[in-house]
Structures are given as C-alpha cells and as structure tokens.
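Asks: Below is entry_31.cif; it holds mmCIF, C-alpha atoms and all ligand atoms.
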```
data_run
#
loop_
_atom_site.group_PDB
_atom_site.id
_atom_site.type_symbol
_atom_site.label_atom_id
_atom_site.label_comp_id
_atom_site.auth_asym_id
_atom_site.auth_seq_id
_atom_site.Cartn_x
_atom_site.Cartn_y
_atom_site.Cartn_z
ATOM 1 C CA MET R 212 0.000 0.000 0.000
ATOM 2 C CA LYS R 213 1.173 3.553 -0.728
ATOM 3 C CA ILE R 214 0.758 6.170 2.015
ATOM 4 C CA ALA R 215 1.413 9.882 1.446
ATOM 5 C CA PHE R 216 2.438 12.141 4.331
ATOM 6 C CA LEU R 217 3.468 15.752 4.879
ATOM 7 C CA GLY R 218 7.238 15.480 4.457
ATOM 8 C CA PRO R 219 10.135 15.532 4.130
ATOM 9 C CA HIS R 220 11.619 12.736 6.236
ATOM 10 C CA ALA R 221 11.551 13.395 10.007
ATOM 11 C CA SER R 222 8.468 15.627 9.963
ATOM 12 C CA PHE R 223 6.100 15.071 12.880
ATOM 13 C CA THR R 224 3.616 13.705 10.357
ATOM 14 C CA GLN R 225 6.139 11.074 9.314
ATOM 15 C CA LEU R 226 6.634 10.036 12.955
ATOM 16 C CA ALA R 227 2.877 9.533 13.176
ATOM 17 C CA THR R 228 2.661 7.768 9.805
ATOM 18 C CA THR R 229 5.400 5.212 10.610
ATOM 19 C CA GLN R 230 3.499 4.202 13.759
ATOM 20 C CA LEU R 231 0.196 3.906 11.891
ATOM 21 C CA PHE R 232 1.645 2.146 8.818
ATOM 22 C CA PRO R 233 4.942 0.451 9.853
ATOM 23 C CA ASN R 234 5.031 -1.926 6.865
ATOM 24 C CA GLU R 235 3.797 0.224 3.980
ATOM 25 C CA GLU R 236 5.484 2.376 1.340
ATOM 26 C CA LEU R 237 5.571 5.959 2.661
ATOM 27 C CA LEU R 238 5.717 8.814 0.147
ATOM 28 C CA PRO R 239 6.661 12.314 1.418
ATOM 29 C CA GLN R 240 4.706 15.260 -0.047
ATOM 30 C CA ALA R 241 5.679 18.931 -0.078
ATOM 31 C CA ASN R 242 2.487 20.207 1.575
ATOM 32 C CA ILE R 243 -0.967 19.265 2.834
ATOM 33 C CA LEU R 244 -2.667 20.015 -0.502
ATOM 34 C CA ASP R 245 -0.314 17.557 -2.258
ATOM 35 C CA CYS R 246 -1.363 14.862 0.266
ATOM 36 C CA PHE R 247 -5.044 15.412 -0.585
ATOM 37 C CA ALA R 248 -4.298 15.591 -4.333
ATOM 38 C CA ALA R 249 -2.292 12.334 -4.263
ATOM 39 C CA VAL R 250 -5.273 10.557 -2.632
ATOM 40 C CA GLU R 251 -7.804 12.142 -4.963
ATOM 41 C CA ARG R 252 -5.843 11.234 -8.100
ATOM 42 C CA GLY R 253 -5.417 7.656 -6.844
ATOM 43 C CA GLU R 254 -1.590 7.929 -6.757
ATOM 44 C CA VAL R 255 -1.641 6.675 -3.165
ATOM 45 C CA ASP R 256 -4.112 4.592 -1.155
ATOM 46 C CA LYS R 257 -4.167 6.881 1.880
ATOM 47 C CA ALA R 258 -2.493 9.948 3.361
ATOM 48 C CA VAL R 259 -1.726 11.181 6.880
ATOM 49 C CA VAL R 260 -2.105 14.913 7.618
ATOM 50 C CA PRO R 261 -2.254 17.013 10.820
ATOM 51 C CA LEU R 262 -5.736 18.201 11.886
ATOM 52 C CA GLU R 263 -5.441 19.930 15.244
ATOM 53 C CA ASN R 264 -2.935 20.909 17.937
ATOM 54 C CA SER R 265 -3.665 21.300 21.633
ATOM 55 C CA ILE R 266 -1.882 24.695 21.835
ATOM 56 C CA GLU R 267 -2.527 26.266 18.460
ATOM 57 C CA GLY R 268 -5.842 24.712 17.416
ATOM 58 C CA THR R 269 -7.011 23.560 14.021
ATOM 59 C CA VAL R 270 -4.715 23.156 11.026
ATOM 60 C CA SER R 271 -7.022 25.219 8.828
ATOM 61 C CA MET R 272 -5.583 23.957 5.542
ATOM 62 C CA THR R 273 -6.609 20.399 6.427
ATOM 63 C CA LEU R 274 -10.137 21.488 7.345
ATOM 64 C CA ASP R 275 -10.426 23.499 4.119
ATOM 65 C CA TYR R 276 -9.358 20.585 1.899
ATOM 66 C CA LEU R 277 -11.673 18.177 3.727
ATOM 67 C CA TYR R 278 -14.475 20.552 2.802
ATOM 68 C CA LYS R 279 -13.277 21.108 -0.778
ATOM 69 C CA THR R 280 -12.819 17.403 -1.609
ATOM 70 C CA PRO R 281 -15.997 15.574 -0.588
ATOM 71 C CA SER R 282 -14.676 12.335 -2.150
ATOM 72 C CA ILE R 283 -12.140 12.152 0.700
ATOM 73 C CA LYS R 284 -13.125 10.455 3.962
ATOM 74 C CA ILE R 285 -11.475 9.917 7.365
ATOM 75 C CA GLU R 286 -10.328 6.388 8.369
ATOM 76 C CA ALA R 287 -8.726 7.142 11.758
ATOM 77 C CA GLU R 288 -7.436 9.807 14.120
ATOM 78 C CA ALA R 289 -4.117 9.557 15.963
ATOM 79 C CA VAL R 290 -2.876 11.749 18.798
ATOM 80 C CA MET R 291 0.884 12.207 19.297
ATOM 81 C CA PRO R 292 2.884 14.188 21.921
ATOM 82 C CA ILE R 293 4.875 17.017 20.303
ATOM 83 C CA ALA R 294 8.238 18.367 21.578
ATOM 84 C CA HIS R 295 9.940 21.199 19.687
ATOM 85 C CA HIS R 296 13.674 21.970 19.790
ATOM 86 C CA LEU R 297 15.645 24.905 18.420
ATOM 87 C CA MET R 298 18.548 23.743 16.233
ATOM 88 C CA ILE R 299 21.390 25.167 14.159
ATOM 89 C CA HIS R 300 24.086 23.939 11.779
ATOM 90 C CA PRO R 301 26.972 22.619 13.937
ATOM 91 C CA ASP R 302 29.393 25.063 12.210
ATOM 92 C CA ASN R 303 27.335 28.056 13.422
ATOM 93 C CA LYS R 304 26.622 29.770 16.738
ATOM 94 C CA ILE R 305 23.158 30.532 18.101
ATOM 95 C CA GLU R 306 24.284 34.112 18.961
ATOM 96 C CA ASP R 307 24.794 34.781 15.222
ATOM 97 C CA VAL R 308 21.374 33.549 14.067
ATOM 98 C CA GLU R 309 19.284 36.126 12.166
ATOM 99 C CA ARG R 310 16.273 34.034 11.109
ATOM 100 C CA ILE R 311 14.352 31.087 12.573
ATOM 101 C CA TYR R 312 12.490 28.796 10.175
ATOM 102 C CA SER R 313 9.669 26.375 10.889
ATOM 103 C CA HIS R 314 6.124 25.306 10.139
ATOM 104 C CA PRO R 315 3.690 28.054 11.260
ATOM 105 C CA GLN R 316 2.106 25.632 13.754
ATOM 106 C CA ALA R 317 5.503 24.963 15.379
ATOM 107 C CA LEU R 318 6.386 28.689 15.503
ATOM 108 C CA ALA R 319 3.008 29.412 17.081
ATOM 109 C CA GLN R 320 3.357 26.569 19.611
ATOM 110 C CA SER R 321 6.738 28.041 20.675
ATOM 111 C CA PHE R 322 5.726 31.699 20.354
ATOM 112 C CA HIS R 323 6.333 32.789 23.961
ATOM 113 C CA PHE R 324 9.687 31.030 24.205
ATOM 114 C CA LEU R 325 10.923 32.601 20.952
ATOM 115 C CA ASP R 326 9.486 35.982 21.885
ATOM 116 C CA THR R 327 11.189 35.918 25.280
ATOM 117 C CA HIS R 328 14.604 34.553 24.266
ATOM 118 C CA TYR R 329 14.975 35.529 20.592
ATOM 119 C CA LYS R 330 12.684 38.552 20.343
ATOM 120 C CA ASN R 331 14.533 40.409 17.604
ATOM 121 C CA ILE R 332 15.188 37.421 15.415
ATOM 122 C CA GLN R 333 12.936 37.200 12.395
ATOM 123 C CA ARG R 334 10.688 34.120 12.150
ATOM 124 C CA GLN R 335 9.797 32.651 8.787
ATOM 125 C CA ASP R 336 7.189 30.041 7.799
ATOM 126 C CA PHE R 337 8.282 26.819 6.139
ATOM 127 C CA SER R 338 6.189 23.984 4.689
ATOM 128 C CA SER R 339 7.115 21.691 7.613
ATOM 129 C CA THR R 340 9.460 21.554 10.600
ATOM 130 C CA ALA R 341 11.546 18.898 8.829
ATOM 131 C CA ALA R 342 11.809 20.977 5.631
ATOM 132 C CA ALA R 343 13.121 23.858 7.769
ATOM 133 C CA ALA R 344 15.690 21.570 9.450
ATOM 134 C CA LYS R 345 16.792 20.217 6.041
ATOM 135 C CA PHE R 346 17.207 23.759 4.710
ATOM 136 C CA VAL R 347 19.330 24.771 7.719
ATOM 137 C CA SER R 348 21.565 21.714 7.222
ATOM 138 C CA GLU R 349 21.990 22.469 3.480
ATOM 139 C CA ASN R 350 22.876 26.147 4.046
ATOM 140 C CA PRO R 351 25.695 26.387 6.617
ATOM 141 C CA ASP R 352 26.710 29.761 5.117
ATOM 142 C CA GLN R 353 23.384 31.307 6.264
ATOM 143 C CA ARG R 354 22.749 32.545 9.828
ATOM 144 C CA ILE R 355 19.605 30.489 10.361
ATOM 145 C CA ALA R 356 18.026 28.102 12.848
ATOM 146 C CA ALA R 357 15.040 25.733 12.736
ATOM 147 C CA VAL R 358 12.351 24.607 15.153
ATOM 148 C CA ALA R 359 11.913 20.867 14.625
ATOM 149 C CA ASN R 360 12.000 17.494 16.399
ATOM 150 C CA GLN R 361 14.857 15.317 17.686
ATOM 151 C CA PHE R 362 14.668 12.983 14.651
ATOM 152 C CA ALA R 363 15.133 15.910 12.264
ATOM 153 C CA ALA R 364 18.178 17.069 14.277
ATOM 154 C CA ASN R 365 19.676 13.559 14.012
ATOM 155 C CA LEU R 366 18.800 12.995 10.342
ATOM 156 C CA TYR R 367 20.005 16.391 9.113
ATOM 157 C CA GLY R 368 23.040 16.582 11.451
ATOM 158 C CA LEU R 369 21.962 19.685 13.377
ATOM 159 C CA LYS R 370 22.915 20.806 16.879
ATOM 160 C CA ILE R 371 20.096 21.397 19.381
ATOM 161 C CA THR R 372 20.588 24.636 21.323
ATOM 162 C CA ASN R 373 17.288 24.711 23.247
ATOM 163 C CA ARG R 374 15.141 21.689 24.091
ATOM 164 C CA ASN R 375 11.376 21.477 24.681
ATOM 165 C CA ILE R 376 10.612 25.052 23.686
ATOM 166 C CA GLN R 377 6.838 24.509 23.226
ATOM 167 C CA ASP R 378 4.947 26.974 25.416
ATOM 168 C CA PHE R 379 3.011 24.293 27.296
ATOM 169 C CA GLU R 380 4.514 21.014 28.399
ATOM 170 C CA GLN R 381 1.378 19.141 27.388
ATOM 171 C CA ASN R 382 1.494 19.526 23.622
ATOM 172 C CA HIS R 383 -0.348 17.071 21.374
ATOM 173 C CA THR R 384 -1.227 17.049 17.696
ATOM 174 C CA ARG R 385 -4.118 15.074 16.257
ATOM 175 C CA PHE R 386 -3.477 13.542 12.829
ATOM 176 C CA ILE R 387 -6.018 11.969 10.464
ATOM 177 C CA VAL R 388 -5.758 9.118 7.974
ATOM 178 C CA ILE R 389 -7.625 10.074 4.800
ATOM 179 C CA SER R 390 -8.683 7.972 1.805
ATOM 180 C CA LYS R 391 -11.380 7.766 -0.854
ATOM 181 C CA GLU R 392 -12.761 4.451 0.429
ATOM 182 C CA GLY R 393 -13.093 5.496 4.080
ATOM 183 C CA HIS R 394 -12.317 1.974 5.367
ATOM 184 C CA PHE R 395 -12.428 1.434 9.129
ATOM 185 C CA TYR R 396 -8.746 1.483 10.189
ATOM 186 C CA LYS R 397 -7.832 -1.125 12.815
ATOM 187 C CA ASN R 398 -4.555 -1.619 14.670
ATOM 188 C CA LYS R 399 -4.248 -3.980 17.644
ATOM 189 C CA ASN R 400 -0.738 -2.685 18.486
ATOM 190 C CA LEU R 401 -1.920 0.856 19.219
ATOM 191 C CA GLU R 402 -3.975 2.021 22.184
ATOM 192 C CA ALA R 403 -7.470 3.038 21.026
ATOM 193 C CA LEU R 404 -8.889 6.068 22.862
ATOM 194 C CA GLY R 405 -12.446 5.825 21.579
ATOM 195 C CA GLU R 406 -14.648 6.043 18.549
ATOM 196 C CA LYS R 407 -16.344 8.998 16.844
ATOM 197 C CA SER R 408 -17.974 10.212 13.650
ATOM 198 C CA GLY R 409 -16.943 13.264 11.657
ATOM 199 C CA LEU R 410 -19.352 15.509 9.728
ATOM 200 C CA LEU R 411 -19.076 18.703 7.741
ATOM 201 C CA ILE R 412 -22.311 20.664 7.874
ATOM 202 C CA THR R 413 -23.419 23.772 6.014
ATOM 203 C CA LEU R 414 -26.596 25.574 7.053
ATOM 204 C CA PRO R 415 -29.114 26.210 4.265
ATOM 205 C CA GLU R 416 -29.408 29.941 4.850
ATOM 206 C CA ASP R 417 -28.721 32.495 7.561
ATOM 207 C CA HIS R 418 -31.791 32.477 9.801
ATOM 208 C CA ALA R 419 -32.426 32.743 13.524
ATOM 209 C CA GLY R 420 -31.957 29.412 15.287
ATOM 210 C CA GLY R 421 -30.394 27.655 12.264
ATOM 211 C CA LEU R 422 -27.446 26.240 14.206
ATOM 212 C CA HIS R 423 -29.711 25.440 17.155
ATOM 213 C CA GLN R 424 -31.910 23.400 14.801
ATOM 214 C CA VAL R 425 -28.883 21.423 13.612
ATOM 215 C CA LEU R 426 -27.579 20.828 17.147
ATOM 216 C CA SER R 427 -30.975 19.719 18.409
ATOM 217 C CA VAL R 428 -30.877 16.838 15.870
ATOM 218 C CA PHE R 429 -28.035 15.410 18.004
ATOM 219 C CA ALA R 430 -29.275 16.664 21.385
ATOM 220 C CA TRP R 431 -32.647 14.923 21.548
ATOM 221 C CA ARG R 432 -31.006 11.654 20.421
ATOM 222 C CA LYS R 433 -28.483 12.085 23.282
ATOM 223 C CA MET R 434 -25.626 12.000 20.762
ATOM 224 C CA ASN R 435 -22.626 13.589 22.486
ATOM 225 C CA LEU R 436 -20.704 16.172 20.426
ATOM 226 C CA SER R 437 -16.974 16.169 21.289
ATOM 227 C CA LYS R 438 -16.036 18.963 18.886
ATOM 228 C CA ILE R 439 -17.695 21.706 16.912
ATOM 229 C CA GLU R 440 -15.660 24.129 14.887
ATOM 230 C CA SER R 441 -16.749 26.792 12.425
ATOM 231 C CA ARG R 442 -14.618 27.693 9.439
ATOM 232 C CA THR R 443 -15.161 30.366 6.838
ATOM 233 C CA LEU R 444 -16.726 29.241 3.517
ATOM 234 C CA LYS R 445 -14.723 31.941 1.690
ATOM 235 C CA THR R 446 -17.868 33.187 -0.019
ATOM 236 C CA GLY R 447 -18.052 36.352 2.099
ATOM 237 C CA LEU R 448 -17.762 37.418 5.701
ATOM 238 C CA GLY R 449 -20.179 35.639 8.012
ATOM 239 C CA ASN R 450 -20.523 32.453 5.897
ATOM 240 C CA TYR R 451 -19.323 29.290 7.625
ATOM 241 C CA PHE R 452 -19.291 25.513 7.528
ATOM 242 C CA PHE R 453 -19.095 23.407 10.689
ATOM 243 C CA PHE R 454 -16.851 20.445 11.492
ATOM 244 C CA ILE R 455 -18.605 18.275 14.059
ATOM 245 C CA ASN R 456 -17.474 15.161 15.952
ATOM 246 C CA VAL R 457 -20.088 12.876 17.461
ATOM 247 C CA ALA R 458 -18.562 10.705 20.187
ATOM 248 C CA GLY R 459 -19.272 6.977 20.337
ATOM 249 C CA GLU R 460 -19.703 3.918 18.198
ATOM 250 C CA TRP R 461 -21.676 3.929 14.987
ATOM 251 C CA ASN R 462 -25.323 3.105 15.623
ATOM 252 C CA PRO R 463 -26.913 2.390 12.214
ATOM 253 C CA VAL R 464 -30.452 3.428 13.189
ATOM 254 C CA LEU R 465 -29.622 6.460 15.328
ATOM 255 C CA HIS R 466 -26.912 7.892 13.066
ATOM 256 C CA GLN R 467 -28.820 7.239 9.840
ATOM 257 C CA ASN R 468 -31.931 8.910 11.240
ATOM 258 C CA ALA R 469 -29.902 11.904 12.401
ATOM 259 C CA LEU R 470 -28.385 12.295 8.922
ATOM 260 C CA GLN R 471 -31.850 12.045 7.350
ATOM 261 C CA GLU R 472 -33.234 14.655 9.722
ATOM 262 C CA LEU R 473 -30.343 17.010 8.897
ATOM 263 C CA GLU R 474 -31.212 16.625 5.208
ATOM 264 C CA SER R 475 -34.875 17.260 5.903
ATOM 265 C CA ILE R 476 -34.029 20.638 7.452
ATOM 266 C CA HIS R 477 -31.966 21.351 4.293
ATOM 267 C CA ALA R 478 -28.580 21.324 5.993
ATOM 268 C CA SER R 479 -25.938 20.043 3.590
ATOM 269 C CA VAL R 480 -23.972 17.193 5.176
ATOM 270 C CA ASP R 481 -20.711 15.515 4.165
ATOM 271 C CA PHE R 482 -20.370 12.428 6.365
ATOM 272 C CA LEU R 483 -16.604 11.938 6.766
ATOM 273 C CA GLY R 484 -16.833 8.561 8.437
ATOM 274 C CA ASN R 485 -16.981 6.693 11.690
ATOM 275 C CA TYR R 486 -13.486 5.960 13.004
ATOM 276 C CA LYS R 487 -11.291 5.206 15.997
ATOM 277 C CA GLU R 488 -8.868 7.550 17.719
ATOM 278 C CA PHE R 489 -5.451 6.081 18.615
ATOM 279 C CA LEU R 490 -2.674 7.215 20.945
ATOM 280 C CA LEU R 491 0.843 7.341 19.442
ATOM 281 C CA GLU R 492 4.255 7.576 21.094
ATOM 282 C CA ALA R 493 6.379 10.735 20.845
HETATM 283 O O1 LIG P 501 5.901 20.362 10.268
HETATM 284 C C1 LIG P 501 5.763 19.179 10.615
HETATM 285 O O2 LIG P 501 6.697 18.467 11.002
HETATM 286 C C2 LIG P 501 4.421 18.606 10.560
HETATM 287 O O3 LIG P 501 4.292 17.403 10.515
HETATM 288 C C3 LIG P 501 3.247 19.562 10.629
HETATM 289 C C4 LIG P 501 2.772 19.912 12.035
HETATM 290 C C5 LIG P 501 1.370 20.634 11.975
HETATM 291 O O4 LIG P 501 0.935 21.049 10.923
HETATM 292 O O5 LIG P 501 0.763 20.763 13.037
HETATM 293 C C6 LIG P 501 2.601 18.656 12.814
HETATM 294 C C7 LIG P 501 2.794 18.625 14.158
HETATM 295 C C8 LIG P 501 3.184 19.837 14.915
HETATM 296 O O6 LIG P 501 1.983 20.369 15.462
HETATM 297 C C9 LIG P 501 3.794 20.874 14.059
HETATM 298 C C10 LIG P 501 3.686 20.826 12.709
#
```
Show the structure stored in the file as structure tokens.
Replies:
Amino acid sequence: MKIAFLGPHASFTQLATTQLFPNEELLPQANILDCFAAVERGEVDKAVVPLENSIEGTVSMTLDYLYKTPSIKIEAEAVMPIAHHLMIHPDNKIEDVERIYSHPQALAQSFHFLDTHYKNIQRQDFSSTAAAAKFVSENPDQRIAAVANQFAANLYGLKITNRNIQDFEQNHTRFIVISKEGHFYKNKNLEALGEKSGLLITLPEDHAGGLHQVLSVFAWRKMNLSKIESRTLKTGLGNYFFFINVAGEWNPVLHQNALQELESIHASVDFLGNYKEFLLEA
C-alpha cells in the first residue's frame, strides 16, 4: 500500500505515519494540498495529515481541503505528543542567528519562548518543521536556525541549542488518515482512545436558530458532540461551515436517522466517516 504524508523525512507527520503504517510504502509530499491531491488522483491509497494541535488549534488547511474534496473520507485519528527543539548547523553559533524557520504551527506553539529569548530574530514560515531543518543543514553559510524534532536534528546533522521550547509542556497534535474508500482502520498494536464520527455541515441559509436546529438533531437523540468548529466558507464574511465530531460507536439506526433529519431541514452534510482515535508515542 502507498501512504502519502506531509514530508520531508523526520516531519512530525512522518513520525505519526510510521506508527500507523509500519510496513507500507511511505511517500513524502511537499504540503498538505499535495497529500489530498495524491489521494484524490489515486496515486496513493491513503495519506496522513495534521488536523489539530492542543496549543494552536485547528490546522485550517486540512479542514479546508476536507471541505473542498468531498470524495475524501477519514479512516482514523491519531494523537501524538509534540516536543519542539531549536537547532542550528553545527558550524554556526546561536548568537549569530538572524532568522528562525519552521512550520507556522511549530512557531506558534513556541511563540512565547521565541518571543522571550529571541525577540529580535525574524521568524519565517516553512512547509514543515523537517523541511526547515533540512534547509538549515543544506545552508551552513546562512545565519539560520530551525524549530523541529529530535529525529530531524539527528537525520540532518543539526545541533540542538534549546530543548522542549513549546509553550506548554502538554502539547499534542491530532493527525487523520484520509482515503477515498473510508475503510475502518484497525490496529491492535496501538492504544485506542475511543470512537467517533466526523461531519461537515453547512446551514441552508442564515436564519435565527439555524445552528440550534442542527444541534438539536443530536441533542434529543443524546448523541454527544466532542467537537464543533466553524470555518469560513470563503464566499463572504459571516458564511461558515461546521466540522462536528459525534462521540461513540456507529449506531446504524440512530446515526442514519440523524443524517436524514439534517437533510430534511436542508442542511448540507458531508459524512466523513466513523473511526477510531489512537494514541501514538512521541
Ligand atoms: O511540520 C511538521 O513536522 C508537521 O508534521 C506539521 C505539524 C502541523 O501542521 O501541526 C505537525 C505537528 C506539529 O503540530 C507541528 C507541525
């Protein structure tokens, strides 16, 4: 099986992907869109992309592409502890650094540390933490540093100057396995945290009580929502879609009836799947 992931090698997404798919062919992609496109075009069977971080919140690009590509479903969620380190080329000194590169999520998760200790050093977004580490290793003549993980430091031969720079010790990122088939991913070697369903919902029109009407579909059935997030539709200010997680196992009658009722109130629903959440190691 071919599995795409947000690369290059030693990205956090790769660390998650190797635990989820230890025996499959893993294909690094340059960005999250390329992961979705590879699945959509059938070049790979599945992809692993980040969805949400406990410090910085939703990875909006992932949510946007889930919405834009209704053929893509979720097979599993996986939660992994995240530790960020600041690293430089071993030929350079941290005092000389003029720019710090990393994925925007990693820079945001370490914002207070960087702002306190390296306030006047420019920060620049990169497609992933590992891509930033690779760039630092390939450009010893530049006065740059990267925020990335221990594996990236080892793989790209960088020196760690500051360890565990994330602003909160408890830092976790939730990844999703996406595919066109939406199979139910199983793995006896990983700890399962629970089961849930994912839905993308758009309200028919802006009217009083519209969201309340949608939520009551779940409420009176005692279906527990573990997440609700609104995201702009990009059709104008004030227009949103909602990403909703319903906790618990799939109940054919209850869930099917809820989906039918949502349709009957003219909410548009993309059912992303019913899947398990797993706990990964750092
Ligand atoms: O840049 C990486 O290494 C990634 O895998 C991406 C990503 C993210 O988008 O959230 C994954 C985990 C961390 O939260 C930081 C970055």
Asks: Please find the residues contacting ligand LIG 501 (chain P) at a distance of at most 6 Å between atoms, with only C-alpha atoms and all ligand atoms counted, and report them as a PDB file with C-alpha atoms, keeping the file's coordinate frame.
Replies:
```
ATOM      1  CA  LEU R 217       3.468  15.752   4.879  1.00  0.00           C
ATOM      2  CA  SER R 222       8.468  15.627   9.963  1.00  0.00           C
ATOM      3  CA  PHE R 223       6.100  15.071  12.880  1.00  0.00           C
ATOM      4  CA  THR R 224       3.616  13.705  10.357  1.00  0.00           C
ATOM      5  CA  PRO R 261      -2.254  17.013  10.820  1.00  0.00           C
ATOM      6  CA  ASN R 264      -2.935  20.909  17.937  1.00  0.00           C
ATOM      7  CA  HIS R 314       6.124  25.306  10.139  1.00  0.00           C
ATOM      8  CA  GLN R 316       2.106  25.632  13.754  1.00  0.00           C
ATOM      9  CA  ALA R 317       5.503  24.963  15.379  1.00  0.00           C
ATOM     10  CA  SER R 339       7.115  21.691   7.613  1.00  0.00           C
ATOM     11  CA  THR R 340       9.460  21.554  10.600  1.00  0.00           C
ATOM     12  CA  ALA R 341      11.546  18.898   8.829  1.00  0.00           C
ATOM     13  CA  THR R 384      -1.227  17.049  17.696  1.00  0.00           C
TER      14      THR R 384
END
```
Asks: Just checking: using only C-alpha atoms, which residue out of R:Arg432, R:Arg442, R:His477, R:Lys370 ends up closest to Leu465 of chain R?
Replies: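 Comparing R:Arg432, R:Arg442, R:His477, R:Lys370 against Leu465 of chain R, the winner is R:Arg432.
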Asks: Atom CA of Thr413 of chain R to atom CA of Thr443 of chain R: how many Å, to one decimal?
Replies: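 About the pair atom CA of Thr413 of chain R and atom CA of Thr443 of chain R: they are 10.6 Å apart.
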Asks: Translate the PyMOL selection byres (((chain R and resi 388) around 9) and not hetatm) into a concrete residue list for this structure, as a PyMOL selection string.
Replies: chain R and resi 228+231+257-260+284-289+386-387+389-390+396
Asks: Within 9 Å of segment 403-406 of chain R, which residues of segment 426-463 of chain R come that close, and what is the closest atom pair and distance in Å for each? Count all atoms listed in the file and give it as CSV.
Replies:
```
residue,atom,partner,partner_atom,distance
R:Val457,CA,R:Glu406,CA,8.8
R:Ala458,CA,R:Glu406,CA,6.3
R:Gly459,CA,R:Glu406,CA,5.0
R:Glu460,CA,R:Glu406,CA,5.5
R:Trp461,CA,R:Glu406,CA,8.2
```
Asks: Work out how far atom CA of Gln381 of chain R is from atom CA of Tyr329 of chain R, in Å to one decimal.
Replies: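 Atom CA of Gln381 of chain R lies 22.4 Å from atom CA of Tyr329 of chain R.
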Asks: Run the PyMOL selection byres (((chain R and resi 423-425) around 10) and not hetatm) mentally over the shown coordinates, then write out the matched residues as a VMD selection string, using the chain letters and numbers from the document.
Replies: chain R and resid 412 to 414 419 to 422 426 to 430 469 472 to 474 476 to 478
